[in-house]
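Here's the structure, in structure tokens; my notes come after.
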Amino acid sequence: MKKRIFIGSSSEELGTAKIVKSILEKDFDVIIWNESIWDKSIFKINNNFLSDLLTATLKFDFGILIGTPDDKLEYRGEEKLSARDNVLFELGLFTGRLGLEKCAFLIEESVKVPSDLGGITLAMYNSKTLADKIDGIRQMFLNASNTELNFFPSSTLAYAYYENFVKYVCEHYVKNNGFIYHETNYSDCKLRIIVPHKLPNDLNLAFKKIQNDIGVDKLSFSANGRPRNVYVDAKVINGKLILLDFPTTLTGIDYAISNHLPKDFKNQTADYNLIIERELNKFIATLNKILAKNDFDRFVEIVRS
């Protein structure tokens with residue numbers, strides 16, 4: 001799934017925004033905020049502008065704001081060209097929500113740059129350098145981390161899931177060279193974590209159906225630091241012990257969406273489905289990163305079902 005880029009500009013410079021979009025849309029799903037004639041428009045008729053803009057920051061991975069010489073201002077006795085106030089407002093809003101590495105200010109070189117934009121990626125362009133500057137932003141976005149914390153808890157859930165369950169299974173496997181299952185020691189093991197393609201209303205019931213289809217037993221073991229035994233589903237397949245787990249903690253993503261975007265959550269909109277897929281991917285990416293850091297990635301596999 002392509003990551004989503006929000007492009008904001010003044011209506012006078014829609015042509016520049018379309019050039020930016022044409023260069024980036026091979027790698028990203030790019031939406032210009034004021035393309036109101038298209039179905040992908042962010043702002044709907046009769047909706048509050050600021051409310052829509054705040055909601056938009058929750059639906060995108062990156063933001064590009066285009067600063068062009070639309071207005072004149074008096075600065076220390078000299079007349080300067082300045083970007084529109086609404087563009088600067090949107091830049092601050094998206095930077096605050098997404099972080100510095102996820103936003104860029106593509107600004108025409110004749111425009112006065114506000115002094116308080118320190119730390120924000122500024123790409124100063126003219127007609128000859130525009131394409132190169134856009135490509136630089138493209139590379140920055142492609143290299144951006146996928147495991148940052150945001151208003152949806154996917155990355156946090158992955159860390160908590162690892163610390164409270166996955167870590168204990170991995171440590172037991174290493175310390176005991178496997179697991180004892182039905183009085184047989186299996187050194188050839190794999191922990192298979194099943195992540196759904198969508199989040200159903202009852203995630204526990206959905207996972208129960210998968211368990212019934214596979215046909216699993218419960219395996220338990222004690223772990224240091226845990227007052228109770230750790231339980232995990234298990235099944236022997238072709239002589240290998242497969243441990244299976246279904247992270248029901250993922251319901252936290254749905255809960256967060258219902259609070260931040262209640263209309264999308266209630267109506268199961270296309271934006272809701274995009275956010276679900278994006279956050280499930282972030283959960284997986286974060287968990288894979290933790291596993292690799294602790295050298296457990298060969299023992300654990302994550303599959304979609």
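In the structure tokens, the first chain shown is A, the next is B, and so on; residue numbers restart at 1 for each chain, and ligands run from 1 in the order shown.
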- Message: I'd like the contact shell of region 241-252 of chain A - 8 Å cut-off, only C-alpha atoms, skipping same-chain residues fewer than 2 positions apart - returned as a ChimeraX atom specification.
- Response: /A:153-154,157,161,186,188-195,199,203-204,207,232-237,239,254-256
Out of region 145-193 of chain A, which residues get alpha helix (DSSP H) from DSSP, as an mmCIF file with N, CA, C and O atoms, in the first residue's frame?
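Result went into selection06.cif, see below:
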```cif
data_model
loop_
_atom_site.group_PDB
_atom_site.id
_atom_site.type_symbol
_atom_site.label_atom_id
_atom_site.label_comp_id
_atom_site.auth_asym_id
_atom_site.auth_seq_id
_atom_site.Cartn_x
_atom_site.Cartn_y
_atom_site.Cartn_z
ATOM 1 N N SER A 154 -0.415 2.113 17.145
ATOM 2 C CA SER A 154 0.121 0.886 16.561
ATOM 3 C C SER A 154 1.537 0.579 17.036
ATOM 4 O O SER A 154 1.840 -0.559 17.413
ATOM 5 N N SER A 155 2.420 1.573 17.020
ATOM 6 C CA SER A 155 3.803 1.338 17.446
ATOM 7 C C SER A 155 3.872 1.031 18.938
ATOM 8 O O SER A 155 4.602 0.125 19.367
ATOM 9 N N THR A 156 3.103 1.763 19.738
ATOM 10 C CA THR A 156 3.081 1.515 21.180
ATOM 11 C C THR A 156 2.562 0.123 21.482
ATOM 12 O O THR A 156 3.089 -0.593 22.347
ATOM 13 N N LEU A 157 1.515 -0.290 20.778
ATOM 14 C CA LEU A 157 0.958 -1.631 20.980
ATOM 15 C C LEU A 157 1.979 -2.707 20.646
ATOM 16 O O LEU A 157 2.048 -3.739 21.318
ATOM 17 N N ALA A 158 2.775 -2.479 19.604
ATOM 18 C CA ALA A 158 3.797 -3.460 19.223
ATOM 19 C C ALA A 158 4.846 -3.615 20.317
ATOM 20 O O ALA A 158 5.253 -4.730 20.661
ATOM 21 N N TYR A 159 5.310 -2.493 20.889
ATOM 22 C CA TYR A 159 6.287 -2.557 21.974
ATOM 23 C C TYR A 159 5.707 -3.286 23.187
ATOM 24 O O TYR A 159 6.368 -4.137 23.798
ATOM 25 N N ALA A 160 4.471 -2.943 23.548
ATOM 26 C CA ALA A 160 3.841 -3.570 24.723
ATOM 27 C C ALA A 160 3.610 -5.058 24.491
ATOM 28 O O ALA A 160 3.819 -5.886 25.398
ATOM 29 N N TYR A 161 3.194 -5.420 23.301
ATOM 30 C CA TYR A 161 2.956 -6.829 22.956
ATOM 31 C C TYR A 161 4.254 -7.620 23.051
ATOM 32 O O TYR A 161 4.276 -8.742 23.585
ATOM 33 N N LYS A 167 8.549 -11.542 24.103
ATOM 34 C CA LYS A 167 9.871 -11.655 24.709
ATOM 35 C C LYS A 167 10.006 -12.912 25.550
ATOM 36 O O LYS A 167 11.039 -13.606 25.490
ATOM 37 N N TYR A 168 8.978 -13.248 26.326
ATOM 38 C CA TYR A 168 9.037 -14.428 27.200
ATOM 39 C C TYR A 168 9.092 -15.725 26.398
ATOM 40 O O TYR A 168 9.798 -16.670 26.763
ATOM 41 N N VAL A 169 8.332 -15.767 25.297
ATOM 42 C CA VAL A 169 8.368 -16.959 24.445
ATOM 43 C C VAL A 169 9.751 -17.122 23.825
ATOM 44 O O VAL A 169 10.319 -18.220 23.814
ATOM 45 N N CYS A 170 10.314 -16.034 23.336
ATOM 46 C CA CYS A 170 11.637 -16.091 22.699
ATOM 47 C C CYS A 170 12.727 -16.472 23.702
ATOM 48 O O CYS A 170 13.601 -17.298 23.405
ATOM 49 N N GLU A 171 12.684 -15.888 24.887
ATOM 50 C CA GLU A 171 13.695 -16.188 25.900
ATOM 51 C C GLU A 171 13.619 -17.641 26.347
ATOM 52 O O GLU A 171 14.650 -18.298 26.541
ATOM 53 N N HIS A 172 12.406 -18.167 26.513
ATOM 54 C CA HIS A 172 12.257 -19.575 26.902
ATOM 55 C C HIS A 172 12.822 -20.490 25.820
ATOM 56 O O HIS A 172 13.503 -21.488 26.125
ATOM 57 N N TYR A 173 12.555 -20.150 24.577
ATOM 58 C CA TYR A 173 13.055 -20.952 23.461
ATOM 59 C C TYR A 173 14.587 -21.015 23.472
ATOM 60 O O TYR A 173 15.184 -22.082 23.301
ATOM 61 N N VAL A 174 15.235 -19.882 23.698
ATOM 62 C CA VAL A 174 16.697 -19.831 23.688
ATOM 63 C C VAL A 174 17.287 -20.546 24.903
ATOM 64 O O VAL A 174 18.204 -21.369 24.779
ATOM 65 N N LYS A 175 16.741 -20.264 26.091
ATOM 66 C CA LYS A 175 17.298 -20.827 27.326
ATOM 67 C C LYS A 175 17.100 -22.334 27.431
ATOM 68 O O LYS A 175 17.917 -23.041 28.038
ATOM 69 N N ASN A 176 16.030 -22.862 26.834
ATOM 70 C CA ASN A 176 15.708 -24.279 26.967
ATOM 71 C C ASN A 176 15.897 -25.064 25.673
ATOM 72 O O ASN A 176 15.537 -26.244 25.612
#
```
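Here the question is which of A:Phe152, A:Met1, A:Pro227, A:Ser145 gets nearest to Thr286 (chain A) using only C-alpha atoms, and that residue is A:Ser145.
Going from CA of Met140 (chain A) over to CA of Tyr272 (chain A), you cover 26.3 Å.
DSSP secondary structure from the backbone places Asp217, Lys218, Leu219, Ser220, Phe221, Val230, Tyr231, Val232, Asp233, Ala234, Lys235, Val236, Ile237, Lys240, Leu241, Ile242, Leu243, Leu244 and Asp245 of chain A of region 204-266 of chain A in strand (DSSP E).
Proximity of A:Ile275, A:Ala56, A:Ser305, A:Thr95 to Ala206 (chain A), computed with only C-alpha atoms, is greatest for A:Ser305.
Across the model, the gap from CA of Thr55 (chain A) to CA of His260 (chain A) is 8.1 Å.
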